[in-house]
Every structure is written in C-alpha cells, then in structure tokens.
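Structure record follows, encoded as structure tokens.
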Amino acid sequence: MIYKTYYSSPIGKLLLASDGESLTGLWIEGQKHYLYKINKQLVTNDNLEIFKEVKNWLDKYFKGEKVNINNLKLNPSGTKFQKEVWKVLCDIPYGEIITYKEISKKVAHNLNKERMSAQAVGGAIGHNPISIIIPCHRVIGSDGNLTGYAGGIDKKIKLLQIEENDINKFYFKN
C-alpha cells in the first residue's frame, strides 16, 4: 500500500508518498513526472511518522534552516543508474551548486566507467521522485544556465534563493 499526504509550501502544494516506513515520493503539484513510478492507488494517511518527520524537515527548510537529509528514510523507486545519480545529488551540500558535467563524472567514477553522458544524467535528474529533499534544483549547466526543472524554473529559482544563492550570476533560456 502507498500512503499520501499533502504539505502547503511557499512554492505550492506538495504531495508526499510513503510505503509506510520511508518517503518514496515528493512532488510539486503540476510538475513533470508527477507520481512517477507510482502505479497503485494512494491512501491518505496524515499520521505516519515519516510524514511527520518530512513535514518538520520541510518547515525548517522553508524557514531557511540548513537541514540534513541523512536523518530521513528515503526510498525512491528507479533503475540502478537513476538511484546512483540520486545518491550523488544527496551529497550536494545545502546552498551549493553543481553542474551536470560534474555529476556525470562522479557517477562514472562510482560505476567504474570511463565517462558518463551528461544528458543521461540529466534524464535521471529530471525523473527524481523526491523533489527538494533530493536536491535536483542545485544542478545547473556548465555555462551557468539554470536549465529546466520538473517543478518549473520559477520554483527552482525560489529554492535556490531560499538557500541564499545569488541567482543573478546564472541565466535561463529555453
């Protein structure tokens, strides 16, 4: 069974999903890949311990506190490759920015490959089922382009601003 609850945030309504023990999804309402890999009906349960922990984490995050994701039980559903990319995302410190190219190098190293396509890494990042907590918003193009964000570029900018990034040093083009 998959459980759900909602959280009202400064960037919109968030849907949280859980298997009862771990967080399996967090989506911004209307984002691309909404409910990615969830093929079961979700049952509302606002009282799960994991939901309480995640909502507390989100409260702190949106107040601008430097929160740590290591205390949260996360269990995103994806391929081995996607999970490796998401693991690298989890290592990006609060308030820091990294490029797709840098992530592709780290993933290649972790998978004992000579190199890895930044486009393949970008595809995995775009399908991240636990937005905000697995910080895909901290990834930009090598040239400073903010690039896309499944939740919307306006939300990516807001998340970067919450983390006190100077977004004026970046740009965005479609």
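By convention in this document, the chains of the structure tokens carry letters A, B, ... by their order, each chain's residues are numbered from 1, and ligands are numbered from 1 in the order they are shown.
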
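Within 6 Å of region 113-119 of chain A, once only C-alpha atoms are used and residues closer than 5 positions along the same chain are dropped, the contacting residues are Tyr100, Lys101, Ser104 and Ala108 of chain A.
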
Save the residues we just selected, N, CA and C atoms, as a PDB file, in the first residue's frame?
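Written file, result24.pdb:
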```pdb
ATOM      1  N   TYR A 100      25.802  19.484 -14.317  1.00  0.00           N
ATOM      2  CA  TYR A 100      25.508  18.149 -14.854  1.00  0.00           C
ATOM      3  C   TYR A 100      26.806  17.422 -15.190  1.00  0.00           C
ATOM      4  N   LYS A 101      27.763  18.156 -15.719  1.00  0.00           N
ATOM      5  CA  LYS A 101      29.050  17.568 -16.086  1.00  0.00           C
ATOM      6  C   LYS A 101      29.769  17.010 -14.859  1.00  0.00           C
ATOM      7  N   SER A 104      28.031  13.874 -13.818  1.00  0.00           N
ATOM      8  CA  SER A 104      28.320  12.761 -14.724  1.00  0.00           C
ATOM      9  C   SER A 104      29.693  12.161 -14.432  1.00  0.00           C
ATOM     10  N   ALA A 108      30.129   8.324 -13.217  1.00  0.00           N
ATOM     11  CA  ALA A 108      31.025   7.454 -13.977  1.00  0.00           C
ATOM     12  C   ALA A 108      32.043   6.806 -13.043  1.00  0.00           C
TER      13      ALA A 108
END
```

Query raised in the report: Where does DSSP see alpha helix (DSSP H) in region 77-152 of chain A, if you list the residues as a VMD selection string?
Result: chain A and resid 80 to 90 100 to 110 118 to 126

Query raised in the report: Neighbours of Cys90 (chain A) within 10 Å (only C-alpha atoms; same-chain residues fewer than 3 positions away dropped), as a VMD selection string?
Result: chain A and resid 68 to 70 84 to 87 93 to 94 133 to 136

Requested in this report: Would you work out the distance separating CA of Glu53 (chain A) from CA of Ser8 (chain A), expressed in Å to one decimal?
Outcome: 15.1 Å

Requested in this report: Work out how far apart CA of Gly95 (chain A) and CA of Leu160 (chain A) are and give it in Å to one decimal.
Outcome: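 Computing the Euclidean distance for CA of Gly95 (chain A) and CA of Leu160 (chain A) yields 7.1 Å.
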
Report task. Do a neighbour search on Leu23 (chain A) at 9 Å with only C-alpha atoms, toss out local chain neighbours closer than 3 positions, and write the hits as a PyMOL selection string. Result -> chain A and resi 16-20+26+50-51+54+72-76+130

Query raised in the report: Taking into account only C-alpha atoms, which residue in the set A:Phe81, A:Tyr149, A:Tyr6, A:Phe172 is nearest to Lys55 (chain A)?
Result: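 The closest residue to Lys55 (chain A) is A:Tyr6.
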
Report task. Pull the strand (DSSP E or B) assignments for region 33-91 of chain A out of DSSP run on the backbone, and list those residues as a PyMOL selection string. Result -> chain A and resi 42-44+74

Could you take the residues named above and write them with N, CA and C atoms, as a short mmCIF file (atom, residue, chain, number, x, y, z; two decimals), in the first residue's frame?
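What follows is the written file result-v1.cif:
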```cif
data_model
loop_
_atom_site.label_atom_id
_atom_site.label_comp_id
_atom_site.auth_asym_id
_atom_site.auth_seq_id
_atom_site.Cartn_x
_atom_site.Cartn_y
_atom_site.Cartn_z
N LEU A 42 -3.21 5.68 -4.08
CA LEU A 42 -2.66 6.18 -2.83
C LEU A 42 -3.76 6.36 -1.80
N VAL A 43 -3.46 6.00 -0.58
CA VAL A 43 -4.40 6.09 0.53
C VAL A 43 -3.94 7.21 1.45
N THR A 44 -4.83 8.14 1.76
CA THR A 44 -4.48 9.26 2.63
C THR A 44 -4.22 8.77 4.05
N LEU A 74 14.65 7.60 3.02
CA LEU A 74 14.23 7.82 1.64
C LEU A 74 14.33 6.52 0.87
#
```

Query - Polymer residues at most 7 Å from Gly151 (chain A), only C-alpha atoms, same-chain spacing of 4 or more positions, as a list in words - result: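 Skipping anything fewer than 4 positions along the chain leaves Ile28, Gln31, Lys32 and Lys155 of chain A.
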
**Report entry** Gap from CA of Lys83 (chain A) to CA of Lys158 (chain A) - Å, one decimal
**Finding:** 25.5 Å

Report task. Compile the contact shell of Pro129 (chain A) as a list in words: residues with an atom at most 7 Å away, counting only C-alpha atoms, same-chain residues fewer than 2 positions apart removed. Result -> Gly25, Leu26, Trp27, Tyr36, Pro76, His127 and Ser131 of chain A
